[in-house]
file my_file_10.cif (mmCIF, C-alpha atoms)
data_my_file
#
loop_
_atom_site.group_PDB
_atom_site.id
_atom_site.type_symbol
_atom_site.label_atom_id
_atom_site.label_comp_id
_atom_site.auth_asym_id
_atom_site.auth_seq_id
_atom_site.Cartn_x
_atom_site.Cartn_y
_atom_site.Cartn_z
ATOM 1 C CA MET A 318 125.699 102.719 83.909
ATOM 2 C CA ASP A 319 125.252 102.737 80.194
ATOM 3 C CA SER A 320 123.019 99.666 79.961
ATOM 4 C CA PRO A 321 119.595 100.377 78.527
ATOM 5 C CA TYR A 322 117.100 101.350 81.202
ATOM 6 C CA TYR A 323 113.548 102.612 81.382
ATOM 7 C CA THR A 324 112.662 106.239 81.883
ATOM 8 C CA PHE A 325 111.424 106.679 85.431
ATOM 9 C CA THR A 326 109.721 109.285 87.559
ATOM 10 C CA ALA A 327 110.461 110.061 91.195
ATOM 11 C CA SER A 328 108.569 111.286 94.209
ATOM 12 C CA ASP A 329 109.457 114.735 95.516
ATOM 13 C CA ASP A 330 111.633 113.280 98.273
ATOM 14 C CA ALA A 331 113.271 110.804 95.866
ATOM 15 C CA THR A 332 112.280 107.750 97.898
ATOM 16 C CA VAL A 333 109.820 106.256 95.419
ATOM 17 C CA PHE A 334 110.373 105.734 91.702
ATOM 18 C CA TRP A 335 108.032 104.486 89.037
ATOM 19 C CA PHE A 336 108.566 103.147 85.565
ATOM 20 C CA GLU A 337 106.848 100.943 83.067
ATOM 21 C CA SER A 338 108.328 97.667 81.978
ATOM 22 C CA ALA A 339 107.210 97.309 78.394
ATOM 23 C CA ASN A 340 108.050 94.228 76.460
ATOM 24 C CA ASN A 341 106.234 91.697 74.356
ATOM 25 C CA ASP A 342 103.315 94.112 73.904
ATOM 26 C CA LYS A 343 102.634 94.020 77.632
ATOM 27 C CA ILE A 344 103.150 96.820 80.110
ATOM 28 C CA VAL A 345 103.841 96.208 83.783
ATOM 29 C CA GLU A 346 104.040 99.144 86.154
ATOM 30 C CA LYS A 347 107.022 98.928 88.485
ATOM 31 C CA GLU A 348 107.738 100.737 91.710
ATOM 32 C CA VAL A 349 111.094 101.061 93.433
ATOM 33 C CA ARG A 350 110.735 102.147 97.031
ATOM 34 C CA TYR A 351 113.403 103.094 99.557
ATOM 35 C CA THR A 352 112.331 102.772 103.181
ATOM 36 C CA ALA A 353 114.267 103.796 106.268
ATOM 37 C CA THR A 354 115.242 100.926 108.528
ATOM 38 C CA PHE A 355 115.972 100.981 112.235
ATOM 39 C CA LEU A 356 119.651 100.759 111.320
ATOM 40 C CA PRO A 357 121.412 104.139 111.176
ATOM 41 C CA ASP A 358 121.337 105.773 107.751
ATOM 42 C CA MET A 359 120.376 102.491 106.104
ATOM 43 C CA TYR A 360 117.495 102.163 103.682
ATOM 44 C CA SER A 361 115.939 99.054 102.238
ATOM 45 C CA LEU A 362 115.185 98.757 98.570
ATOM 46 C CA ALA A 363 111.978 97.159 97.346
ATOM 47 C CA LEU A 364 111.294 96.374 93.710
ATOM 48 C CA LEU A 365 107.565 95.979 93.316
ATOM 49 C CA ASP A 366 105.053 95.211 90.634
ATOM 50 C CA VAL A 367 101.889 97.287 90.689
ATOM 51 C CA LEU A 368 99.078 94.878 89.934
ATOM 52 C CA PRO A 369 95.972 95.813 87.932
ATOM 53 C CA ASP A 370 93.855 96.025 91.102
ATOM 54 C CA GLY A 371 96.221 98.586 92.623
ATOM 55 C CA THR A 372 97.883 96.255 95.077
ATOM 56 C CA VAL A 373 101.599 95.618 94.815
ATOM 57 C CA SER A 374 103.615 92.435 94.831
ATOM 58 C CA ASP A 375 107.263 91.668 95.355
ATOM 59 C CA VAL A 376 107.180 88.216 93.854
ATOM 60 C CA SER A 377 105.026 88.367 90.776
ATOM 61 C CA ARG A 378 106.773 87.063 87.706
ATOM 62 C CA PRO A 379 105.448 88.858 84.669
ATOM 63 C CA ARG A 380 107.996 87.072 82.455
ATOM 64 C CA GLN A 381 108.477 90.195 80.437
ATOM 65 C CA GLY A 382 111.861 89.078 79.257
ATOM 66 C CA ASP A 383 113.402 92.379 80.249
ATOM 67 C CA VAL A 384 114.927 91.555 83.618
ATOM 68 C CA GLU A 385 118.261 93.107 82.697
ATOM 69 C CA LYS A 386 116.659 96.374 81.631
ATOM 70 C CA VAL A 387 114.470 96.464 84.743
ATOM 71 C CA LEU A 388 117.422 95.936 87.045
ATOM 72 C CA ALA A 389 119.501 98.458 85.139
ATOM 73 C CA THR A 390 116.689 100.912 85.896
ATOM 74 C CA VAL A 391 116.823 99.968 89.566
ATOM 75 C CA ILE A 392 120.552 100.732 89.584
ATOM 76 C CA GLN A 393 119.766 104.134 88.117
ATOM 77 C CA THR A 394 117.298 104.816 90.929
ATOM 78 C CA ILE A 395 119.934 103.811 93.496
ATOM 79 C CA HIS A 396 122.220 106.407 92.021
ATOM 80 C CA THR A 397 119.516 109.064 92.127
ATOM 81 C CA PHE A 398 118.511 108.132 95.668
ATOM 82 C CA LEU A 399 122.077 108.231 96.978
ATOM 83 C CA ALA A 400 122.776 111.495 95.191
ATOM 84 C CA THR A 401 120.245 113.099 97.543
ATOM 85 C CA ARG A 402 121.587 111.227 100.605
ATOM 86 C CA PRO A 403 125.335 110.905 100.087
ATOM 87 C CA THR A 404 126.016 109.210 103.422
ATOM 88 C CA ALA A 405 123.185 106.682 103.214
ATOM 89 C CA THR A 406 123.490 102.978 102.535
ATOM 90 C CA VAL A 407 121.006 101.034 100.447
ATOM 91 C CA ALA A 408 120.546 97.420 101.454
ATOM 92 C CA PHE A 409 118.707 94.852 99.475
ATOM 93 C CA ALA A 410 118.069 91.149 99.332
ATOM 94 C CA GLY A 411 116.097 89.116 96.876
ATOM 95 C CA SER A 412 112.666 87.812 97.820
ATOM 96 C CA ALA A 413 113.977 84.347 96.969
ATOM 97 C CA ASP A 414 117.347 82.842 96.199
ATOM 98 C CA ALA A 415 116.763 82.977 92.462
ATOM 99 C CA ARG A 416 115.905 86.637 92.621
ATOM 100 C CA THR A 417 118.905 87.408 94.796
ATOM 101 C CA ARG A 418 121.100 85.870 92.131
ATOM 102 C CA LEU A 419 119.386 87.975 89.499
ATOM 103 C CA TYR A 420 120.107 91.075 91.582
ATOM 104 C CA GLN A 421 123.682 89.949 91.917
ATOM 105 C CA ILE A 422 124.225 89.337 88.233
ATOM 106 C CA ALA A 423 122.712 92.656 87.241
ATOM 107 C CA THR A 424 124.420 94.513 90.048
ATOM 108 C CA VAL A 425 127.825 93.182 89.110
ATOM 109 C CA ARG A 426 127.336 94.083 85.494
ATOM 110 C CA GLU A 427 126.188 97.613 86.213
ATOM 111 C CA LEU A 428 128.505 98.419 89.071
ATOM 112 C CA SER A 429 131.563 97.111 87.302
ATOM 113 C CA LYS A 430 131.095 100.121 85.047
ATOM 114 C CA VAL A 431 130.951 102.618 87.884
ATOM 115 C CA GLU A 432 133.279 101.174 90.501
ATOM 116 C CA SER A 433 134.760 104.584 91.029
ATOM 117 C CA MET A 434 131.420 105.825 92.368
ATOM 118 C CA PHE A 435 130.027 103.045 94.570
ATOM 119 C CA VAL A 436 131.161 100.827 97.401
ATOM 120 C CA LEU A 437 129.443 97.452 97.226
ATOM 121 C CA GLN A 438 129.579 94.939 100.034
ATOM 122 C CA GLY A 439 128.087 91.477 100.157
ATOM 123 C CA TYR A 440 126.644 90.068 103.356
ATOM 124 C CA LEU A 441 127.054 86.417 104.223
ATOM 125 C CA ASN A 442 127.171 84.468 107.482
ATOM 126 C CA GLY A 443 127.023 87.524 109.653
ATOM 127 C CA THR A 444 129.783 89.521 108.041
ATOM 128 C CA PHE A 445 130.110 92.113 105.316
ATOM 129 C CA GLU A 446 132.894 91.899 102.806
ATOM 130 C CA ASN A 447 133.883 93.705 99.671
ATOM 131 C CA PHE A 448 131.815 92.205 96.917
ATOM 132 C CA VAL A 449 133.443 89.266 95.187
ATOM 133 C CA PRO A 450 131.899 88.109 91.911
ATOM 134 C CA GLY A 451 130.847 84.479 91.992
ATOM 135 C CA ILE A 452 129.821 84.395 95.640
ATOM 136 C CA ILE A 453 126.109 84.154 96.356
ATOM 137 C CA TYR A 454 125.362 86.645 99.091
ATOM 138 C CA ALA A 455 122.307 86.842 101.312
ATOM 139 C CA ALA A 456 122.133 90.599 100.916
ATOM 140 C CA PHE A 457 124.004 93.595 99.617
ATOM 141 C CA ALA A 458 124.905 97.020 100.914
ATOM 142 C CA ILE A 459 125.764 99.807 98.523
ATOM 143 C CA ARG A 460 126.790 103.392 99.124
ATOM 144 C CA LEU A 461 128.523 106.203 97.361
ATOM 145 C CA LYS A 462 132.264 106.408 97.702
ATOM 146 C CA GLN A 463 133.111 109.365 99.846
ATOM 147 C CA PRO A 464 135.348 111.974 98.300
ATOM 148 C CA LYS A 465 138.915 111.845 99.499
ATOM 149 C CA PRO A 466 139.734 114.737 101.818
ATOM 150 C CA MET B 760 103.667 36.101 98.941
ATOM 151 C CA LYS B 761 105.853 39.036 99.582
ATOM 152 C CA THR B 762 105.198 42.193 97.723
ATOM 153 C CA ALA B 763 107.977 44.645 97.230
ATOM 154 C CA ILE B 764 106.889 48.094 98.023
ATOM 155 C CA SER B 765 108.928 50.891 96.621
ATOM 156 C CA PRO B 766 108.896 54.169 98.402
ATOM 157 C CA LYS B 767 107.100 56.817 96.486
ATOM 158 C CA LYS B 768 109.414 59.176 94.831
ATOM 159 C CA GLN B 769 108.964 62.535 96.436
ATOM 160 C CA VAL B 770 109.282 65.554 94.314
ATOM 161 C CA VAL B 771 110.084 68.590 96.352
ATOM 162 C CA THR B 772 109.434 71.807 94.587
ATOM 163 C CA LYS B 773 110.609 74.986 96.189
ATOM 164 C CA THR B 774 107.894 77.505 95.764
ATOM 165 C CA GLU B 775 107.670 81.043 96.861
ATOM 166 C CA THR B 776 104.577 82.218 98.637
ATOM 167 C CA PRO B 777 103.224 85.196 96.743
ATOM 168 C CA LYS B 778 103.257 88.332 98.819
ATOM 169 C CA THR B 779 100.854 91.025 97.892
ATOM 170 C CA TYR B 780 100.502 94.275 99.765
ATOM 171 C CA LYS B 781 97.782 96.871 99.850
ATOM 172 C CA SER B 782 100.208 99.621 99.045
ATOM 173 C CA GLY B 783 103.789 100.312 98.114
ATOM 174 C CA LYS B 784 104.310 101.828 101.544
ATOM 175 C CA ALA B 785 103.222 98.614 103.253
ATOM 176 C CA ALA B 786 105.501 96.601 100.985
ATOM 177 C CA GLY B 787 108.386 98.958 101.663
ATOM 178 C CA GLU B 788 107.921 98.632 105.412
ATOM 179 C CA ALA B 789 107.838 94.837 105.076
ATOM 180 C CA LYS B 790 111.099 94.929 103.118
ATOM 181 C CA ALA B 791 112.679 97.156 105.735
ATOM 182 C CA ARG B 792 111.755 94.697 108.484
ATOM 183 C CA GLN B 793 113.090 91.867 106.300
ATOM 184 C CA ILE B 794 116.486 93.461 105.810
ATOM 185 C CA GLU B 795 116.704 94.268 109.525
ATOM 186 C CA LYS B 796 116.074 90.583 110.193
ATOM 187 C CA VAL B 797 118.704 89.526 107.650
ATOM 188 C CA PHE B 798 121.263 91.785 109.330
ATOM 189 C CA ASP B 799 120.293 90.748 112.857
ATOM 190 C CA GLY B 800 123.451 89.595 114.605
ATOM 191 C CA ALA B 801 125.748 91.047 111.967
ATOM 192 C CA ASP B 802 129.342 91.798 112.818
ATOM 193 C CA TRP B 803 129.166 95.525 112.169
ATOM 194 C CA SER B 804 132.912 95.913 112.488
ATOM 195 C CA THR B 805 133.058 94.424 108.983
ATOM 196 C CA PHE B 806 130.697 97.038 107.611
ATOM 197 C CA LYS B 807 132.540 99.742 105.740
ATOM 198 C CA LYS B 808 130.950 103.068 106.390
ATOM 199 C CA GLN B 809 133.645 105.001 104.640
ATOM 200 C CA ASP B 810 135.636 104.060 101.630
#
call {"tool": "encode", "arguments": {"input": "my_file_10.cif", "output": "structure tokens"}}
result
Amino acid sequence: MDSPYYTFTASDDATVFWFESANNDKIVEKEVRYTATFLPDMYSLALLDVLPDGTVSDVSRPRQGDVEKVLATVIQTIHTFLATRPTATVAFAGSADARTRLYQIATVRELSKVESMFVLQGYLNGTFENFVPGIIYAAFAIRLKQPKP
Amino acid sequence: MKTAISPKKQVVTKTETPKTYKSGKAAGEAKARQIEKVFDGADWSTFKKQD
């Protein structure tokens, strides 16, 4: 996880993270939010843009040109989130196919550096499988590797 | 006189409906429901809980 990433702040319970995407003389406030699902010990990940009027959007395209750095920051928040919940799983899907692929590209790049720490599964056609680069998955599930007894 | 009529070329552009939420919490809840829907009907025997 040595790719450049933005400094971020976290809520007290480490479920919400904030950082500023700053590129091309423009600043966009980002929020990464982990929300419990009805599935046991599984949390969804939302990457959001905080708009000037205070609302948030999951599909705005600020075209900051810093997608890689933003997603590297998201990976950092996953690590922080899971450090406080070692048995939890974080699941995420893109808000559109293009964004899912962006997640996938960034995820592969970052996680390939820390394979010893995370288990990453891709979800496609009803089944989970160990992540295989090159396959476009509908969603992803990531968790910390459990220490060997 | 017969006039050839060519079908109009249809350009289909896949667009994404912008989703804006009043708060991060509302957006987070929407994402949680989305991922539950994605995983609906999953074969959980393929889900690795432990490494």
call {"tool": "resolve_selection", "arguments": {"input": "my_file_10.cif", "expression": "the PyMOL selection byres ((chain B) within 9 of (chain A))", "output": "number ranges by chain"}}
result
B: 775-784, 786-788, 790-795, 797-810
call {"tool": "write_last_selection", "arguments": {"input": "my_file_10.cif", "atoms": "C-alpha atoms", "output": "short mmCIF file (atom, residue, chain, number, x, y, z; two decimals), in the coordinates of the input"}}
result
data_model
loop_
_atom_site.label_atom_id
_atom_site.label_comp_id
_atom_site.auth_asym_id
_atom_site.auth_seq_id
_atom_site.Cartn_x
_atom_site.Cartn_y
_atom_site.Cartn_z
CA GLU B 775 107.67 81.04 96.86
CA THR B 776 104.58 82.22 98.64
CA PRO B 777 103.22 85.20 96.74
CA LYS B 778 103.26 88.33 98.82
CA THR B 779 100.85 91.02 97.89
CA TYR B 780 100.50 94.28 99.76
CA LYS B 781 97.78 96.87 99.85
CA SER B 782 100.21 99.62 99.04
CA GLY B 783 103.79 100.31 98.11
CA LYS B 784 104.31 101.83 101.54
CA ALA B 786 105.50 96.60 100.98
CA GLY B 787 108.39 98.96 101.66
CA GLU B 788 107.92 98.63 105.41
CA LYS B 790 111.10 94.93 103.12
CA ALA B 791 112.68 97.16 105.74
CA ARG B 792 111.76 94.70 108.48
CA GLN B 793 113.09 91.87 106.30
CA ILE B 794 116.49 93.46 105.81
CA GLU B 795 116.70 94.27 109.52
CA VAL B 797 118.70 89.53 107.65
CA PHE B 798 121.26 91.78 109.33
CA ASP B 799 120.29 90.75 112.86
CA GLY B 800 123.45 89.60 114.60
CA ALA B 801 125.75 91.05 111.97
CA ASP B 802 129.34 91.80 112.82
CA TRP B 803 129.17 95.52 112.17
CA SER B 804 132.91 95.91 112.49
CA THR B 805 133.06 94.42 108.98
CA PHE B 806 130.70 97.04 107.61
CA LYS B 807 132.54 99.74 105.74
CA LYS B 808 130.95 103.07 106.39
CA GLN B 809 133.65 105.00 104.64
CA ASP B 810 135.64 104.06 101.63
#
call {"tool": "atom_distance", "arguments": {"input": "my_file_10.cif", "atom1": "CA of Phe325 (chain A)", "atom2": "CA of Ala389 (chain A)"}}
result
11.5 Å
call {"tool": "atom_distance", "arguments": {"input": "my_file_10.cif", "atom1": "CA of Gln393 (chain A)", "atom2": "CA of Lys796 (chain B)"}}
result
26.2 Å
call {"tool": "axis_aligned_box", "arguments": {"input": "my_file_10.cif", "around": "region 792-795 of chain B", "padding_each_side": "5 Å", "output": "lines of an AutoDock Vina configuration file"}}
result
center_x = 114.2
center_y = 93.3
center_z = 107.7
size_x = 14.9
size_y = 12.8
size_z = 13.7
call {"tool": "closest_residue", "arguments": {"input": "my_file_10.cif", "among": "A:Ala327, A:Val387, A:Ile422, A:Thr397", "to": "Asn340 (chain A)", "atoms": "all atoms listed in the file"}}
result
A:Val387
call {"tool": "atom_distance", "arguments": {"input": "my_file_10.cif", "atom1": "CA of Ser338 (chain A)", "atom2": "CA of Ala785 (chain B)"}}
result
21.9 Å
call {"tool": "resolve_selection", "arguments": {"input": "my_file_10.cif", "expression": "the PyMOL selection byres ((chain A and resi 346) around 6)", "output": "PyMOL selection string"}}
result
chain A and resi 337+345+347+367
call {"tool": "closest_residue", "arguments": {"input": "my_file_10.cif", "among": "A:Val407, A:Ala400, A:Leu388, A:Val425", "to": "Asp330 (chain A)", "atoms": "all atoms listed in the file"}}
result
A:Ala400
call {"tool": "residues_around", "arguments": {"input": "my_file_10.cif", "residues": "Ser320 (chain A)", "least_positions_apart": "5", "cutoff": "9 Å", "atoms": "only C-alpha atoms", "output": "JSON, numbers by chain"}}
result
{"A": [385, 386, 389, 390, 426, 427]}
